[in-house]
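What follows is start.cif (mmCIF, C-alpha atoms (C1' of nucleotides)).
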```cif
data_protein
loop_
_atom_site.label_atom_id
_atom_site.label_comp_id
_atom_site.auth_asym_id
_atom_site.auth_seq_id
_atom_site.Cartn_x
_atom_site.Cartn_y
_atom_site.Cartn_z
CA MET A 29 -27.86 -2.74 -2.64
CA THR A 30 -30.48 -2.51 -5.37
CA HIS A 31 -32.05 0.23 -3.25
CA GLU A 32 -29.14 2.68 -3.45
CA ILE A 33 -28.86 5.18 -0.64
CA PRO A 34 -27.93 8.40 -2.45
CA THR A 35 -25.30 9.60 -0.01
CA ARG A 36 -23.71 6.21 0.24
CA ASP A 37 -23.50 5.97 -3.51
CA ALA A 38 -22.15 9.52 -3.81
CA LEU A 39 -19.42 8.67 -1.30
CA ILE A 40 -18.34 5.63 -3.28
CA GLU A 41 -18.21 7.61 -6.53
CA ALA A 42 -16.34 10.43 -4.78
CA GLY A 43 -13.83 7.89 -3.52
CA ILE A 44 -13.36 6.43 -6.99
CA ALA A 45 -12.78 9.89 -8.38
CA LEU A 46 -10.22 10.70 -5.69
CA LEU A 47 -8.46 7.42 -6.35
CA ALA A 48 -8.30 8.15 -10.07
CA GLU A 49 -6.98 11.65 -9.58
CA GLY A 50 -4.48 11.28 -6.79
CA GLY A 51 -3.72 7.60 -6.32
CA PRO A 52 -4.22 5.48 -3.22
CA GLU A 53 -2.91 8.18 -0.89
CA ALA A 54 -5.60 10.62 -2.00
CA LEU A 55 -8.50 8.49 -0.82
CA THR A 56 -9.57 9.84 2.53
CA LEU A 57 -12.81 9.66 4.46
CA ARG A 58 -12.86 13.38 4.96
CA ARG A 59 -12.05 14.22 1.38
CA ALA A 60 -14.65 11.83 0.05
CA ALA A 61 -17.18 13.38 2.41
CA ALA A 62 -16.29 16.90 1.29
CA ARG A 63 -16.56 15.95 -2.37
CA ALA A 64 -19.92 14.31 -1.78
CA GLY A 65 -21.08 17.44 0.02
CA VAL A 66 -21.65 15.87 3.41
CA SER A 67 -20.05 16.25 6.79
CA HIS A 68 -16.75 14.63 7.66
CA ALA A 69 -18.31 11.88 9.76
CA ALA A 70 -20.99 10.78 7.33
CA PRO A 71 -18.84 8.04 5.76
CA ALA A 72 -18.27 6.40 9.12
CA HIS A 73 -22.01 5.93 9.39
CA HIS A 74 -22.59 4.29 6.00
CA PHE A 75 -19.45 2.21 6.03
CA LYS A 76 -17.92 0.91 9.20
CA GLY A 77 -14.90 3.12 8.65
CA LEU A 78 -12.21 3.69 6.07
CA ARG A 79 -11.93 -0.04 5.65
CA GLY A 80 -15.61 -0.24 4.83
CA LEU A 81 -15.46 2.51 2.25
CA GLN A 82 -12.46 0.94 0.58
CA THR A 83 -14.18 -2.43 0.54
CA ALA A 84 -17.28 -0.92 -1.05
CA ILE A 85 -15.14 0.77 -3.71
CA ALA A 86 -13.26 -2.47 -4.36
CA ILE A 87 -16.55 -4.31 -4.88
CA ARG A 88 -17.71 -1.78 -7.46
CA ALA A 89 -14.26 -1.88 -9.05
CA PHE A 90 -14.42 -5.66 -9.40
CA ALA A 91 -17.75 -5.37 -11.19
CA ARG A 92 -16.21 -2.99 -13.74
CA PHE A 93 -13.14 -5.20 -13.99
CA ASN A 94 -15.31 -8.21 -14.82
CA ARG A 95 -17.17 -6.20 -17.41
CA ALA A 96 -13.87 -5.15 -19.02
CA MET A 97 -12.74 -8.75 -19.35
CA GLU A 98 -16.06 -9.86 -20.79
CA THR A 99 -16.23 -6.98 -23.26
CA HIS A 100 -12.77 -7.63 -24.61
CA ARG A 101 -13.41 -11.35 -24.79
CA ASP A 102 -16.63 -10.89 -26.73
CA ALA A 103 -14.93 -8.51 -29.14
CA ALA A 104 -12.16 -10.99 -29.93
CA ALA A 105 -12.04 -13.46 -32.78
CA ASP A 106 -13.91 -16.66 -32.02
CA THR A 107 -11.00 -18.98 -31.35
CA PRO A 108 -10.08 -20.33 -27.92
CA PHE A 109 -6.74 -18.55 -27.96
CA ASP A 110 -8.14 -15.20 -29.06
CA ARG A 111 -10.91 -15.37 -26.50
CA LEU A 112 -8.46 -16.11 -23.69
CA ALA A 113 -6.12 -13.41 -24.95
CA GLY A 114 -9.10 -11.07 -25.05
CA ILE A 115 -9.84 -11.72 -21.40
CA CYS A 116 -6.24 -10.92 -20.59
CA ASP A 117 -6.41 -7.77 -22.73
CA GLY A 118 -9.42 -6.64 -20.76
CA TYR A 119 -7.55 -7.38 -17.58
CA LEU A 120 -4.55 -5.32 -18.65
CA ALA A 121 -6.62 -2.50 -20.12
CA PHE A 122 -8.39 -2.12 -16.80
CA VAL A 123 -5.08 -2.02 -14.95
CA ASP A 124 -3.74 0.54 -17.37
CA GLY A 125 -6.72 2.83 -16.99
CA GLN A 126 -7.73 2.28 -13.37
CA LEU A 127 -4.53 1.60 -11.50
CA GLY A 128 -5.93 2.99 -8.26
CA LEU A 129 -8.92 0.67 -8.34
CA PHE A 130 -6.76 -2.30 -9.29
CA HIS A 131 -4.49 -1.63 -6.35
CA LEU A 132 -7.46 -1.52 -4.04
CA MET A 133 -8.91 -4.76 -5.39
CA PHE A 134 -5.82 -6.89 -5.12
CA THR A 135 -3.08 -5.42 -2.98
CA ALA A 136 -4.40 -2.77 -0.59
CA ALA A 137 -4.04 -4.00 2.95
CA ASP A 138 -7.12 -2.29 4.30
CA VAL A 139 -9.99 -3.94 2.47
CA ASP A 140 -12.10 -6.78 3.81
CA ARG A 141 -11.60 -9.58 1.31
CA ASP A 142 -13.88 -11.87 3.30
CA ASP A 143 -16.83 -9.56 2.72
CA PRO A 144 -19.54 -11.69 1.07
CA GLU A 145 -20.27 -9.19 -1.70
CA PHE A 146 -16.57 -8.87 -2.39
CA CYS A 147 -16.25 -12.65 -2.63
CA VAL A 148 -19.11 -12.84 -5.12
CA GLU A 149 -17.44 -10.37 -7.48
CA SER A 150 -13.92 -11.72 -7.14
CA ASP A 151 -15.12 -15.29 -7.61
CA ARG A 152 -16.91 -14.17 -10.74
CA ALA A 153 -13.64 -12.75 -12.04
CA TYR A 154 -11.94 -16.07 -11.51
CA SER A 155 -14.77 -17.95 -13.17
CA ILE A 156 -14.47 -15.76 -16.28
CA LEU A 157 -10.83 -16.68 -16.55
CA ARG A 158 -11.56 -20.30 -15.81
CA ALA A 159 -14.12 -20.44 -18.60
CA GLY A 160 -11.56 -18.94 -20.95
CA CYS A 161 -9.07 -21.66 -20.00
CA ALA A 162 -11.47 -24.57 -20.26
CA PRO A 163 -11.16 -25.15 -24.04
CA PHE A 164 -7.46 -25.89 -23.59
CA THR A 165 -7.74 -28.33 -20.73
CA GLY A 166 -11.13 -29.92 -21.22
CA GLY A 167 -12.17 -29.00 -17.69
CA ALA A 168 -10.79 -27.42 -14.56
CA ASP A 169 -7.00 -27.48 -14.49
CA LEU A 170 -5.61 -25.59 -11.52
CA VAL A 171 -2.10 -25.62 -12.88
CA PHE A 172 -2.99 -24.14 -16.24
CA GLU A 173 -5.42 -21.63 -14.76
CA GLY A 174 -2.92 -20.69 -12.10
CA ALA A 175 -0.22 -20.15 -14.68
CA VAL A 176 -2.34 -17.86 -16.84
CA TRP A 177 -3.77 -15.99 -13.86
CA SER A 178 -0.35 -15.58 -12.26
CA ALA A 179 1.26 -14.49 -15.49
CA VAL A 180 -1.27 -11.83 -16.35
CA HIS A 181 -1.43 -10.59 -12.77
CA GLY A 182 2.34 -10.50 -12.47
CA TYR A 183 2.66 -8.83 -15.85
CA ALA A 184 0.28 -6.13 -14.69
CA THR A 185 1.72 -5.55 -11.24
CA LEU A 186 5.30 -5.52 -12.45
CA GLY A 187 4.37 -2.51 -14.54
CA PHE A 188 4.83 -4.20 -17.89
CA THR A 189 1.82 -2.27 -19.12
CA GLN A 190 3.85 0.91 -18.82
CA LYS A 191 6.67 1.70 -21.19
CA ARG A 192 9.45 1.03 -18.70
CA GLY A 193 9.45 -2.45 -17.21
CA GLN A 194 11.20 -3.82 -14.17
CA ALA A 195 14.24 -4.54 -16.29
CA GLY A 196 16.28 -1.81 -17.90
CA GLY A 197 14.99 0.46 -20.58
CA GLU A 198 13.92 -2.29 -22.95
CA ASN A 199 10.34 -2.28 -24.12
CA PRO A 200 8.28 -5.00 -22.47
CA PRO A 201 7.09 -7.82 -24.71
CA PRO A 202 3.35 -7.88 -25.44
CA PHE A 203 1.45 -10.19 -23.13
CA ARG A 204 0.14 -12.19 -26.06
CA ASP A 205 3.66 -13.53 -26.57
CA LEU A 206 3.90 -14.67 -22.97
CA LEU A 207 0.53 -16.34 -23.24
CA ARG A 208 1.63 -18.31 -26.26
CA LEU A 209 4.43 -19.75 -24.14
CA ILE A 210 1.94 -21.11 -21.62
CA VAL A 211 -0.81 -22.31 -23.89
CA PRO A 212 -0.13 -25.80 -25.26
CA SER A 213 0.74 -25.41 -28.93
CA MET B 17 26.71 3.51 3.18
CA THR B 18 29.74 1.50 4.22
CA HIS B 19 30.13 4.01 7.04
CA GLU B 20 26.88 3.25 8.85
CA ILE B 21 25.41 6.02 10.95
CA PRO B 22 24.19 4.18 14.05
CA THR B 23 20.90 6.00 14.44
CA ARG B 24 20.09 5.79 10.78
CA ASP B 25 20.73 2.07 10.84
CA ALA B 26 18.71 1.63 14.01
CA LEU B 27 15.78 3.43 12.40
CA ILE B 28 15.85 1.14 9.40
CA GLU B 29 15.96 -1.95 11.58
CA ALA B 30 13.17 -0.58 13.77
CA GLY B 31 11.10 -0.01 10.66
CA ILE B 32 11.71 -3.54 9.44
CA ALA B 33 10.66 -4.89 12.82
CA LEU B 34 7.49 -2.81 12.82
CA LEU B 35 6.68 -4.00 9.33
CA ALA B 36 7.17 -7.61 10.33
CA GLU B 37 5.01 -7.29 13.41
CA GLY B 38 2.14 -5.15 12.28
CA GLY B 39 2.15 -5.01 8.50
CA PRO B 40 2.45 -1.95 6.29
CA GLU B 41 0.09 0.11 8.44
CA ALA B 42 2.33 -0.27 11.46
CA LEU B 43 5.32 1.45 9.90
CA THR B 44 5.32 4.99 11.13
CA LEU B 45 8.03 7.58 11.47
CA ARG B 46 7.15 8.24 15.06
CA ARG B 47 6.93 4.59 16.02
CA ALA B 48 10.22 3.80 14.36
CA ALA B 49 11.77 6.72 16.20
CA ALA B 50 10.37 5.56 19.52
CA ARG B 51 11.62 2.03 18.98
CA ALA B 52 15.05 3.31 18.06
CA GLY B 53 15.03 5.45 21.18
CA VAL B 54 15.23 8.81 19.47
CA SER B 55 12.89 11.75 19.18
CA HIS B 56 9.94 11.80 16.84
CA ALA B 57 11.63 14.05 14.31
CA ALA B 58 14.94 12.25 14.05
CA PRO B 59 13.86 10.15 11.05
CA ALA B 60 13.02 13.23 9.03
CA HIS B 61 16.60 14.31 9.43
CA HIS B 62 18.25 11.11 8.22
CA PHE B 63 15.75 10.37 5.50
CA LYS B 64 13.91 13.04 3.65
CA GLY B 65 10.65 11.90 5.19
CA LEU B 66 8.50 8.80 5.40
CA ARG B 67 9.16 8.20 1.74
CA GLY B 68 12.88 8.22 2.39
CA LEU B 69 12.66 5.77 5.27
CA GLN B 70 10.50 3.41 3.25
CA THR B 71 12.91 3.62 0.34
CA ALA B 72 15.85 2.83 2.61
CA ILE B 73 14.00 -0.16 4.02
CA ALA B 74 13.08 -1.34 0.54
CA ILE B 75 16.74 -1.20 -0.50
CA ARG B 76 17.79 -3.33 2.42
CA ALA B 77 14.89 -5.66 1.75
CA PHE B 78 15.97 -6.13 -1.86
CA ALA B 79 19.44 -7.10 -0.73
CA ARG B 80 17.99 -9.83 1.46
CA PHE B 81 15.61 -10.85 -1.29
CA ASN B 82 18.53 -11.29 -3.67
CA ARG B 83 20.39 -13.31 -1.10
CA ALA B 84 17.36 -15.59 -0.63
CA MET B 85 17.17 -16.29 -4.35
CA GLU B 86 20.89 -17.00 -4.60
CA THR B 87 20.92 -19.24 -1.54
CA HIS B 88 18.05 -21.38 -2.77
CA ARG B 89 19.54 -21.55 -6.26
CA ASP B 90 22.92 -22.70 -4.95
CA ALA B 91 21.29 -25.33 -2.76
CA ALA B 92 19.38 -26.82 -5.69
CA ALA B 93 20.44 -29.72 -7.86
CA ASP B 94 22.77 -28.69 -10.67
CA THR B 95 20.37 -28.79 -13.61
CA PRO B 96 19.07 -25.70 -15.39
CA PHE B 97 15.51 -26.43 -14.37
CA ASP B 98 16.31 -27.07 -10.72
CA ARG B 99 18.44 -23.93 -10.52
CA LEU B 100 15.68 -21.78 -12.01
CA ALA B 101 13.11 -23.44 -9.78
CA GLY B 102 15.45 -22.78 -6.86
CA ILE B 103 15.52 -19.08 -7.67
CA CYS B 104 11.74 -19.08 -7.71
CA ASP B 105 11.65 -21.00 -4.43
CA GLY B 106 13.86 -18.34 -2.87
CA TYR B 107 11.56 -15.70 -4.28
CA LEU B 108 8.48 -17.34 -2.81
CA ALA B 109 10.12 -18.20 0.50
CA PHE B 110 11.01 -14.55 0.95
CA VAL B 111 7.45 -13.48 0.20
CA ASP B 112 6.11 -16.06 2.61
CA GLY B 113 8.36 -14.92 5.43
CA GLN B 114 8.67 -11.19 4.79
CA LEU B 115 5.37 -10.13 3.31
CA GLY B 116 5.70 -6.61 4.64
CA LEU B 117 9.08 -6.09 3.03
CA PHE B 118 7.90 -7.62 -0.23
CA HIS B 119 4.96 -5.24 -0.31
CA LEU B 120 7.28 -2.31 0.21
CA MET B 121 9.69 -3.43 -2.51
CA PHE B 122 7.16 -3.95 -5.26
CA THR B 123 3.77 -2.43 -4.59
CA ALA B 124 3.92 0.30 -1.95
CA ALA B 125 3.12 3.63 -3.55
CA ASP B 126 5.37 5.71 -1.35
CA VAL B 127 8.86 4.52 -2.18
CA ASP B 128 11.22 6.19 -4.62
CA ARG B 129 11.88 3.53 -7.23
CA ASP B 130 14.17 5.87 -9.12
CA ASP B 131 16.58 6.06 -6.21
CA PRO B 132 20.00 5.00 -7.56
CA GLU B 133 20.72 2.55 -4.74
CA PHE B 134 17.25 1.07 -5.17
CA CYS B 135 17.86 0.61 -8.88
CA VAL B 136 21.14 -1.18 -8.23
CA GLU B 137 19.50 -3.75 -5.99
CA SER B 138 16.38 -4.26 -8.08
CA ASP B 139 18.42 -4.60 -11.24
CA ARG B 140 20.52 -7.18 -9.49
CA ALA B 141 17.38 -9.15 -8.70
CA TYR B 142 16.40 -9.14 -12.34
CA SER B 143 19.85 -10.19 -13.42
CA ILE B 144 19.73 -13.19 -11.08
CA LEU B 145 16.54 -14.33 -12.72
CA ARG B 146 17.89 -13.59 -16.16
CA ALA B 147 20.96 -15.73 -15.50
CA GLY B 148 18.69 -18.53 -14.37
CA CYS B 149 16.75 -18.28 -17.63
CA ALA B 150 19.74 -18.11 -19.94
CA PRO B 151 20.37 -21.88 -20.20
CA PHE B 152 16.92 -22.31 -21.77
CA THR B 153 17.12 -19.56 -24.32
CA GLY B 154 20.80 -19.34 -25.12
CA GLY B 155 20.86 -15.64 -24.31
CA ALA B 156 18.52 -12.84 -23.35
CA ASP B 157 14.91 -13.61 -24.22
CA LEU B 158 12.54 -10.96 -22.93
CA VAL B 159 9.49 -13.09 -23.59
CA PHE B 160 10.72 -16.11 -21.66
CA GLU B 161 12.15 -14.00 -18.83
CA GLY B 162 8.99 -11.94 -18.69
CA ALA B 163 6.85 -15.04 -18.52
CA VAL B 164 8.81 -16.57 -15.64
CA TRP B 165 9.12 -13.28 -13.77
CA SER B 166 5.43 -12.47 -14.23
CA ALA B 167 4.34 -15.94 -13.24
CA VAL B 168 6.34 -16.09 -10.02
CA HIS B 169 5.44 -12.54 -9.11
CA GLY B 170 1.78 -13.08 -9.85
CA TYR B 171 1.80 -16.39 -7.99
CA ALA B 172 3.22 -14.61 -4.95
CA THR B 173 0.99 -11.56 -4.99
CA LEU B 174 -2.18 -13.54 -5.60
CA GLY B 175 -1.52 -15.25 -2.31
CA PHE B 176 -0.87 -18.69 -3.74
CA THR B 177 1.82 -19.13 -1.12
CA GLN B 178 -0.89 -19.17 1.52
CA LYS B 179 -3.24 -22.08 1.92
CA ARG B 180 -6.28 -20.34 0.46
CA GLY B 181 -5.81 -19.04 -3.06
CA GLN B 182 -7.79 -16.50 -5.03
CA ALA B 183 -10.06 -19.27 -6.22
CA GLY B 184 -12.30 -21.19 -3.89
CA GLY B 185 -11.02 -23.42 -1.14
CA GLU B 186 -8.87 -25.60 -3.34
CA ASN B 187 -5.20 -25.91 -2.48
CA PRO B 188 -2.99 -23.95 -4.84
CA PRO B 189 -0.75 -25.96 -7.15
CA PRO B 190 2.97 -25.84 -6.35
CA PHE B 191 4.79 -23.24 -8.40
CA ARG B 192 7.10 -25.87 -9.82
CA ASP B 193 4.17 -27.23 -11.82
CA LEU B 194 3.44 -23.81 -13.30
CA LEU B 195 7.09 -23.39 -14.18
CA ARG B 196 7.13 -26.66 -16.05
CA LEU B 197 4.33 -25.30 -18.23
CA ILE B 198 6.48 -22.34 -19.28
CA VAL B 199 9.87 -23.97 -19.66
CA PRO B 200 10.30 -25.60 -23.06
CA SER B 201 10.13 -29.35 -22.54
"C1'" DG C 8 43.94 24.32 23.97
"C1'" DG C 9 40.28 26.70 21.90
"C1'" DC C 10 37.17 27.72 18.59
"C1'" DC C 11 34.08 27.12 14.85
"C1'" DG C 12 31.21 25.01 11.87
"C1'" DA C 13 28.72 21.29 10.46
"C1'" DA C 14 26.20 17.39 11.58
"C1'" DA C 15 23.07 14.93 14.75
"C1'" DC C 16 19.48 15.47 17.16
"C1'" DT C 17 15.27 17.69 20.18
"C1'" DT C 18 11.39 20.59 20.99
"C1'" DG C 19 7.34 22.55 19.66
"C1'" DA C 20 4.00 23.71 16.61
"C1'" DC C 21 0.71 22.99 12.52
"C1'" DA C 22 -2.57 20.82 9.52
"C1'" DC C 23 -4.46 16.64 8.53
"C1'" DT C 24 -6.15 12.05 9.40
"C1'" DG C 25 -9.69 8.12 11.42
"C1'" DT C 26 -12.76 7.34 15.10
"C1'" DC C 27 -16.05 7.99 18.52
"C1'" DA C 28 -19.91 10.01 21.44
"C1'" DA C 29 -23.53 12.95 21.59
"C1'" DA C 30 -26.96 15.69 19.61
"C1'" DC C 31 -30.27 16.69 16.05
"C1'" DA C 32 -33.56 16.02 12.18
"C1'" DA C 33 -36.61 13.50 9.45
"C1'" DA C 34 -39.16 9.66 8.20
"C1'" DC C 35 -41.84 5.83 9.31
"C1'" DC C 36 -44.75 2.71 12.02
"C1'" DC C 37 -48.29 1.70 15.12
"C1'" DG D 27 -49.34 11.77 18.11
"C1'" DG D 28 -45.54 9.22 20.37
"C1'" DG D 29 -41.61 6.35 19.76
"C1'" DT D 30 -38.14 4.16 17.18
"C1'" DT D 31 -35.11 3.73 13.64
"C1'" DT D 32 -32.17 5.87 10.27
"C1'" DG D 33 -29.40 9.56 8.27
"C1'" DT D 34 -26.45 13.24 9.37
"C1'" DT D 35 -23.94 16.89 11.88
"C1'" DT D 36 -20.99 18.83 15.46
"C1'" DG D 37 -17.29 18.52 18.42
"C1'" DA D 38 -13.69 16.31 20.50
"C1'" DC D 39 -9.54 13.11 20.81
"C1'" DA D 40 -5.26 10.73 19.78
"C1'" DG D 41 -2.25 9.82 16.22
"C1'" DT D 42 0.20 11.04 11.95
"C1'" DG D 43 3.94 13.63 8.65
"C1'" DT D 44 6.33 17.82 8.24
"C1'" DC D 45 8.55 21.97 9.11
"C1'" DA D 46 11.13 25.79 11.72
"C1'" DA D 47 13.79 26.78 15.32
"C1'" DG D 48 16.68 25.66 18.84
"C1'" DT D 49 20.25 22.58 21.22
"C1'" DT D 50 23.74 19.37 21.72
"C1'" DT D 51 27.83 16.88 20.01
"C1'" DC D 52 31.64 15.98 17.57
"C1'" DG D 53 35.63 16.66 14.27
"C1'" DG D 54 39.03 19.25 12.36
"C1'" DC D 55 42.00 23.29 12.16
"C1'" DC D 56 44.73 27.24 13.73
#
```
What would you get if you wrote out this structure as structure tokens?
Amino acid sequence: MTHEIPTRDALIEAGIALLAEGGPEALTLRRAAARAGVSHAAPAHHFKGLRGLQTAIAIRAFARFNRAMETHRDAAADTPFDRLAGICDGYLAFVDGQLGLFHLMFTAADVDRDDPEFCVESDRAYSILRAGCAPFTGGADLVFEGAVWSAVHGYATLGFTQKRGQAGGENPPPFRDLLRLIVPS
Amino acid sequence: MTHEIPTRDALIEAGIALLAEGGPEALTLRRAAARAGVSHAAPAHHFKGLRGLQTAIAIRAFARFNRAMETHRDAAADTPFDRLAGICDGYLAFVDGQLGLFHLMFTAADVDRDDPEFCVESDRAYSILRAGCAPFTGGADLVFEGAVWSAVHGYATLGFTQKRGQAGGENPPPFRDLLRLIVPS
DNA sequence: GGCCGAAACTTGACACTGTCAAACAAACCC
DNA sequence: GGGTTTGTTTGACAGTGTCAAGTTTCGGCC
């Protein structure tokens, strides 16, 4: 992993680019191969198959996702609420900008979520959130963490980050307002 | 719609069955056609294409989803909290039992969410939730509704209904506990 | 009754997909 | 230098969605 195989890496980046341009449907072994300048069967060698490529992309996506949360958190004002809200902002900014990757990470059926590398990155995501919650609970509190995690994830997947929400034409409320409802005042 | 075309209906039901048995990957125009006992191109005639079939299935799924929420709500104790919690229970029970349909309704890329019939059913779902929220807010409150809707949707899509959650091996907290955090005490 | 037109299908083709087996090349080790 | 592993290509296969063109079937109308 530290010793990157050039073709393997090029295939992952090609896949990310395809995902960004054309959505989940656009990611194809053959297209990624063509874009990386290799033959159509090269991806099947480096990854076990389409599932393997998608898993590899999801792992890299999670790393960027974690970085987005940390960056926004560190840029926020130094209060527990602002830091937690910052994490959520990073979360939602990533979803807004990288919807294809987000879909792969959390909801695509064909990625191996038991892959050890995948688990490392996704566990790290949860631990970032958990650390952001700790000041409010004085330790691990599954209920509070679950509520924040569920709310931000639901907010994102329901499309509240876009202009038009699941409801009618009303503008969605900013997530910060929802968060205030959950955080003990 | 009231005048059901038999083949069209059979194709939808075949698709639902495929989805239940083999997940989203198993739903295929040709397989649905085979199961309905018609030729491989029959679906393309009744629906515009795969997208059309998936949209039709999603519409039917939403109707059942709405029924699940209403049933659970009506079976709950007659307090505002229990009725809202009942709606959420119906929501989560549907996800637990019909994961394939749920995926189609909310997250599948290839369904036409601007379809008028689809909008009718999905709006009805939101209005059920909204009615459940009203006793707490004394009217429409986008923030409160958004928080409940996001939380239950996130709880479901993060896999909290299964034994193993996104976190480590800990058991996920029951949704009722999360809800209590959001509802004004 | 007979016809006609539309609707419900079928048949056949096309391009595209993932996957696999076999071959080939290059590097590396002993 | 020979042999093995690794990276990569070529070619094939079954399966997919979609389209064009036929074929059946059925309902209404003269």
Please, which residues of chain D lie no more than 12 Å from chain A when the count uses all atoms listed in the file, and can they be set out as a list in words? DT32, DG33, DT34, DT35, DT36 and DG37 of chain D
As a check of understanding, name the residues that the PyMOL selection byres ((chain C) within 10 of (chain B)) selects in the supplied structure, as a ChimeraX atom specification. /C:15-18
What residues have an atom no more than 12 Å from (-19.7, 8.9, 20.9) in the file's own frame, counting all atoms listed in the file, and can you write them as a ChimeraX atom specification? /A:69 /C:26-30 /D:36-39
Find the spatial neighbours of DG25 of chain C, counting only C-alpha atoms (C1' of nucleotides), within a cut-off of 10 Å - ignore same-chain residues fewer than 2 positions away - and output them as a PyMOL selection string. (chain A and resi 56-58+69+72+77-78) or (chain C and resi 27) or (chain D and resi 40-41)
So which residues fall inside 9 Å of (7.4, 21.2, 12.5) if we count only C-alpha atoms (C1' of nucleotides)? Mind giving them as a PDB file with C-alpha atoms (C1' of nucleotides), keeping the file's coordinate frame?
```
ATOM      1  CA  ALA B  57      11.630  14.050  14.310  1.00  0.00           C
TER       2      ALA B  57
ATOM      3  C1'  DG C  19       7.340  22.550  19.660  1.00  0.00           C
ATOM      4  C1'  DA C  20       4.000  23.710  16.610  1.00  0.00           C
ATOM      5  C1'  DC C  21       0.710  22.990  12.520  1.00  0.00           C
TER       6       DC C  21
ATOM      7  C1'  DT D  44       6.330  17.820   8.240  1.00  0.00           C
ATOM      8  C1'  DC D  45       8.550  21.970   9.110  1.00  0.00           C
ATOM      9  C1'  DA D  46      11.130  25.790  11.720  1.00  0.00           C
ATOM     10  C1'  DA D  47      13.790  26.780  15.320  1.00  0.00           C
TER      11       DA D  47
END
```
For a test of reading the model, state the distance in Å between atom CA of Leu209 of chain A and atom CA of Ile198 of chain B, rounded to one decimal.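 Spanning atom CA of Leu209 of chain A to atom CA of Ile198 of chain B is a straight-line distance of 5.9 Å.
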